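Visitor: I am sharing input-v3.txt, which consists of compact mmCIF, C-alpha atoms:
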```
# COMPACT_ATOMS: atom_id res chain seq x y z
CA MET A 1 -58.02 40.63 58.72
CA ILE A 2 -57.89 37.08 57.45
CA ASP A 3 -60.98 34.99 58.09
CA SER A 4 -59.74 31.43 57.73
CA PRO A 5 -60.42 28.88 60.48
CA ALA A 6 -57.87 26.60 58.79
CA LEU A 7 -55.16 29.24 59.26
CA ASN A 8 -56.10 29.56 62.92
CA LEU A 9 -55.73 25.83 63.43
CA ILE A 10 -52.37 25.82 61.63
CA ILE A 11 -51.09 28.66 63.83
CA LEU A 12 -52.28 27.00 67.03
CA ALA A 13 -50.95 23.60 65.97
CA LEU A 14 -47.53 25.05 65.10
CA VAL A 15 -47.27 26.89 68.43
CA THR A 16 -48.35 23.74 70.29
CA LEU A 17 -45.80 21.62 68.42
CA GLN A 18 -43.14 24.25 69.08
CA ARG A 19 -43.87 24.16 72.82
CA LEU A 20 -43.78 20.35 72.88
CA GLY A 21 -40.51 20.38 70.94
CA GLU A 22 -39.03 22.88 73.36
CA LEU A 23 -40.02 20.69 76.33
CA TRP A 24 -38.31 17.73 74.66
CA LEU A 25 -35.17 19.82 73.97
CA SER A 26 -35.18 21.23 77.49
CA ASN A 27 -35.49 17.77 79.06
CA ARG A 28 -32.68 16.44 76.88
CA ASN A 29 -30.42 19.38 77.71
CA THR A 30 -31.30 19.13 81.41
CA ARG A 31 -30.38 15.44 81.53
CA ARG A 32 -27.07 16.11 79.76
CA LEU A 33 -26.19 19.03 82.02
CA LEU A 34 -27.03 17.11 85.18
CA ALA A 35 -24.88 14.21 83.94
CA LYS A 36 -21.96 16.69 83.66
CA GLY A 37 -22.40 17.76 87.28
CA ALA A 38 -24.84 20.66 86.89
CA ARG A 39 -27.43 21.36 89.57
CA GLU A 40 -31.00 22.57 89.41
CA HIS A 41 -31.84 25.61 91.53
CA SER A 42 -35.19 26.91 92.82
CA PRO A 43 -37.43 24.27 91.21
CA ALA A 44 -40.50 25.02 93.37
CA HIS A 45 -41.91 27.70 91.06
CA TYR A 46 -41.52 25.62 87.87
CA PRO A 47 -45.03 24.06 88.06
CA LEU A 48 -46.48 27.61 88.14
CA ILE A 49 -44.69 28.47 84.91
CA VAL A 50 -45.93 25.28 83.26
CA ALA A 51 -49.48 25.93 84.50
CA VAL A 52 -49.58 29.49 83.13
CA HIS A 53 -48.26 28.40 79.73
CA LEU A 54 -50.57 25.41 79.52
CA LEU A 55 -53.63 27.42 80.52
CA TRP A 56 -52.66 30.13 78.01
CA LEU A 57 -52.45 27.60 75.22
CA VAL A 58 -55.68 25.82 76.22
CA THR A 59 -57.46 29.19 76.36
CA LEU A 60 -56.26 30.02 72.85
CA TRP A 61 -57.40 26.62 71.53
CA TRP A 62 -60.79 27.29 73.13
CA LEU A 63 -61.32 30.90 71.97
CA ALA A 64 -59.24 31.44 68.83
CA PRO A 65 -60.23 28.82 66.22
CA THR A 66 -63.03 30.85 64.62
CA ARG A 67 -61.65 34.37 65.12
CA PRO A 68 -60.24 36.46 62.25
CA VAL A 69 -56.46 36.67 62.11
CA ASP A 70 -54.79 40.08 62.19
CA GLY A 71 -51.92 40.04 59.68
CA PHE A 72 -49.90 42.73 61.47
CA TRP A 73 -49.88 40.84 64.78
CA LEU A 74 -49.16 37.56 63.01
CA ALA A 75 -46.11 39.09 61.31
CA PHE A 76 -44.96 40.49 64.66
CA PHE A 77 -45.40 37.06 66.25
CA VAL A 78 -43.30 35.46 63.49
CA ALA A 79 -40.56 38.05 64.16
CA ILE A 80 -40.66 37.13 67.86
CA GLU A 81 -40.18 33.48 66.91
CA VAL A 82 -37.10 34.39 64.87
CA PHE A 83 -35.74 36.10 67.98
CA ARG A 84 -36.58 32.93 69.97
CA ILE A 85 -34.53 30.82 67.56
CA TRP A 86 -31.58 33.22 68.03
CA VAL A 87 -31.84 32.81 71.82
CA LEU A 88 -32.03 29.00 71.60
CA ALA A 89 -29.14 28.83 69.13
CA THR A 90 -27.02 31.09 71.33
CA LEU A 91 -27.46 28.92 74.43
CA GLY A 92 -27.33 25.67 72.48
CA PRO A 93 -27.03 22.67 74.84
CA ARG A 94 -27.25 24.97 77.87
CA TRP A 95 -30.83 26.08 77.11
CA THR A 96 -33.46 24.60 79.43
CA THR A 97 -36.79 25.66 80.88
CA ARG A 98 -35.36 25.20 84.37
CA ILE A 99 -32.60 26.97 86.29
CA ILE A 100 -29.67 24.60 85.70
CA VAL A 101 -26.15 25.75 86.53
CA LEU A 102 -23.01 23.94 85.41
CA PRO A 103 -20.21 24.79 87.87
CA GLY A 104 -17.34 26.62 86.23
CA ALA A 105 -19.24 27.38 83.04
CA PRO A 106 -19.08 31.10 82.19
CA LEU A 107 -22.24 33.13 81.67
CA VAL A 108 -23.22 33.44 78.03
CA ARG A 109 -22.50 36.98 76.82
CA ARG A 110 -22.88 36.59 73.06
CA GLY A 111 -25.87 36.79 70.73
CA PRO A 112 -28.89 38.52 72.29
CA TYR A 113 -27.24 38.20 75.72
CA ARG A 114 -24.94 41.09 74.70
CA PHE A 115 -27.96 43.38 74.78
CA VAL A 116 -30.42 41.93 77.30
CA ASN A 117 -29.83 39.94 80.51
CA HIS A 118 -32.82 37.66 79.99
CA PRO A 119 -33.70 37.61 76.27
CA ASN A 120 -35.59 34.33 76.59
CA TYR A 121 -37.97 35.93 79.09
CA LEU A 122 -38.40 38.93 76.79
CA VAL A 123 -39.47 36.48 74.06
CA VAL A 124 -41.92 34.78 76.44
CA VAL A 125 -43.42 38.11 77.54
CA LEU A 126 -43.96 39.09 73.92
CA GLU A 127 -45.37 35.70 72.90
CA ILE A 128 -47.87 35.61 75.76
CA ALA A 129 -49.10 39.09 74.82
CA VAL A 130 -48.94 38.98 71.03
CA LEU A 131 -50.37 35.58 70.07
CA PRO A 132 -53.80 36.39 71.57
CA LEU A 133 -53.70 39.71 69.68
CA VAL A 134 -53.29 37.76 66.43
CA PHE A 135 -56.85 36.58 67.08
CA GLY A 136 -58.16 39.86 68.51
CA LEU A 137 -58.26 38.45 72.03
CA TRP A 138 -56.87 41.47 73.89
CA GLN A 139 -58.49 40.36 77.17
CA VAL A 140 -56.57 37.07 77.01
CA ALA A 141 -53.38 39.03 76.28
CA VAL A 142 -53.92 41.21 79.37
CA ILE A 143 -54.89 38.40 81.76
CA PHE A 144 -52.05 36.09 80.79
CA SER A 145 -49.52 38.92 80.62
CA LEU A 146 -50.33 39.69 84.26
CA LEU A 147 -50.11 36.02 85.27
CA ASN A 148 -46.87 35.65 83.33
CA ALA A 149 -45.44 38.78 84.97
CA ALA A 150 -46.14 37.28 88.39
CA VAL A 151 -44.37 33.98 87.66
CA LEU A 152 -41.52 35.66 85.81
CA THR A 153 -40.91 37.95 88.77
CA ILE A 154 -40.40 34.87 90.93
CA ARG A 155 -38.32 33.17 88.24
CA ILE A 156 -36.00 36.06 87.41
CA ARG A 157 -35.33 36.78 91.09
CA ALA A 158 -34.47 33.11 91.66
CA GLU A 159 -32.28 32.97 88.57
CA ASP A 160 -30.46 36.20 89.37
CA ARG A 161 -29.88 35.04 92.96
CA THR A 162 -28.45 31.76 91.66
CA LEU A 163 -26.20 33.40 89.08
CA ARG A 164 -24.77 35.86 91.66
CA ARG A 165 -23.45 32.95 93.76
```
Is it possible to give me this structure as structure tokens?

Guide:
Amino acid sequence: MIDSPALNLIILALVTLQRLGELWLSNRNTRRLLAKGAREHSPAHYPLIVAVHLLWLVTLWWLAPTRPVDGFWLAFFVAIEVFRIWVLATLGPRWTTRIIVLPGAPLVRRGPYRFVNHPNYLVVVLEIAVLPLVFGLWQVAVIFSLLNAAVLTIRIRAEDRTLRR
């Protein structure tokens, strides 16, 4: 265990900046895809996803700043983030936080998509569960994993339905 409030703030700040950067990248990619004739599908559940992620992050900022950091879980979280980078790099300009389909574009079947249908959602599931464990907040991990499972069930069904068309 590492008892360093400064480390906690660095971890939380980096995750927050990462999320903000991803929203910027997603919005940029979405605009570019839509300009090429892509369409958004099933947008109604998107505010639920944003709400769960925002509440998760706010809860961590509220509860985690003074908690000891578990080095094992922190290392695991860093490994998850490396996997996240692989997913983002594989999709490149097609990665968004929304369901955007460019007509005629083939499904991506390289990188982590060779092994898992939805590697980005695997990353999200792990992040939601593991980051609270870095701070010993197993209750937060359980509660937000359940909330995340509910919204991801809606999301994956909508995405799979869209991709089958």

Visitor: So that I can check the surroundings of region 53-65 of chain A, please list as JSON, numbers by chain every protein, DNA and RNA residue that reaches within 12 Å of it, counting all atoms listed in the file and ignoring chain neighbours fewer than 5 positions away.

Guide: {"A": [3, 4, 5, 6, 7, 8, 9, 10, 11, 12, 13, 14, 15, 16, 17, 18, 19, 20, 23, 46, 47, 48, 70, 97, 124, 125, 127, 128, 129, 130, 131, 132, 133, 134, 135, 136, 137, 138, 139, 140, 141, 142, 143, 144, 145, 146, 147, 148, 149, 151, 152]}

Visitor: Compile the contact shell of Leu91 (chain A) as a list in words: residues with an atom at most 9 Å away, counting all atoms listed in the file, same-chain residues fewer than 4 positions apart removed.

Guide: Trp86, Val87, Trp95, Thr96, Val108 and Gly111 of chain A

Visitor: Residues within 10 Å of Phe83 (chain A), please, as a PyMOL selection string. Count all atoms listed in the file; anything in the same chain fewer than 6 positions from it doesn't count.

Guide: chain A and resi 77+89+112+119-120+122-123

Visitor: So which one's closest to Leu33 (chain A), A:Arg94, A:Phe115, A:Tyr121, A:Val69? Using all atoms listed in the file, please.

Guide: A:Arg94

Visitor: Please list, as number ranges by chain, the residues that have an atom at most 12 Å away from (-37.7, 34.6, 91.6) in the coordinates of this file, counting only C-alpha atoms.

Guide: A: 41-46, 48-49, 99, 149-163

Visitor: Please, which residues are within 7 Å of (-30.3, 22.0, 85.3) by the file's coordinates, counting only C-alpha atoms, and could they come as a list of chain:residue names?

Guide: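 In the file's frame, the residues around the point are A:Thr30, A:Leu33, A:Leu34, A:Ala38, A:Arg39, A:Glu40, A:Arg98, A:Ile99, A:Ile100, A:Val101.
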
Visitor: Taking into account only C-alpha atoms, which residue in the set A:Met1, A:Glu22, A:Ala105, A:Arg164 is nearest to Ile85 (chain A)?

Guide: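 Of A:Met1, A:Glu22, A:Ala105, A:Arg164, the one nearest Ile85 (chain A), counting only C-alpha atoms, is A:Glu22.
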
Visitor: Could you jot down the CA of Leu126 (chain A) to CA of Val78 (chain A) separation for me, Å, one decimal place?

Guide: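 Going from CA of Leu126 (chain A) over to CA of Val78 (chain A), I get 11.1 Å.
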
Visitor: One decimal, Å: what's the distance from CA of Gly21 (chain A) over to CA of Leu88 (chain A), could you say?

Guide: 12.1 Å

Visitor: Separation of CA of Lys36 (chain A) and CA of Ala51 (chain A), in Å?

Guide: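 For CA of Lys36 (chain A) relative to CA of Ala51 (chain A), the distance reads 29.0 Å.
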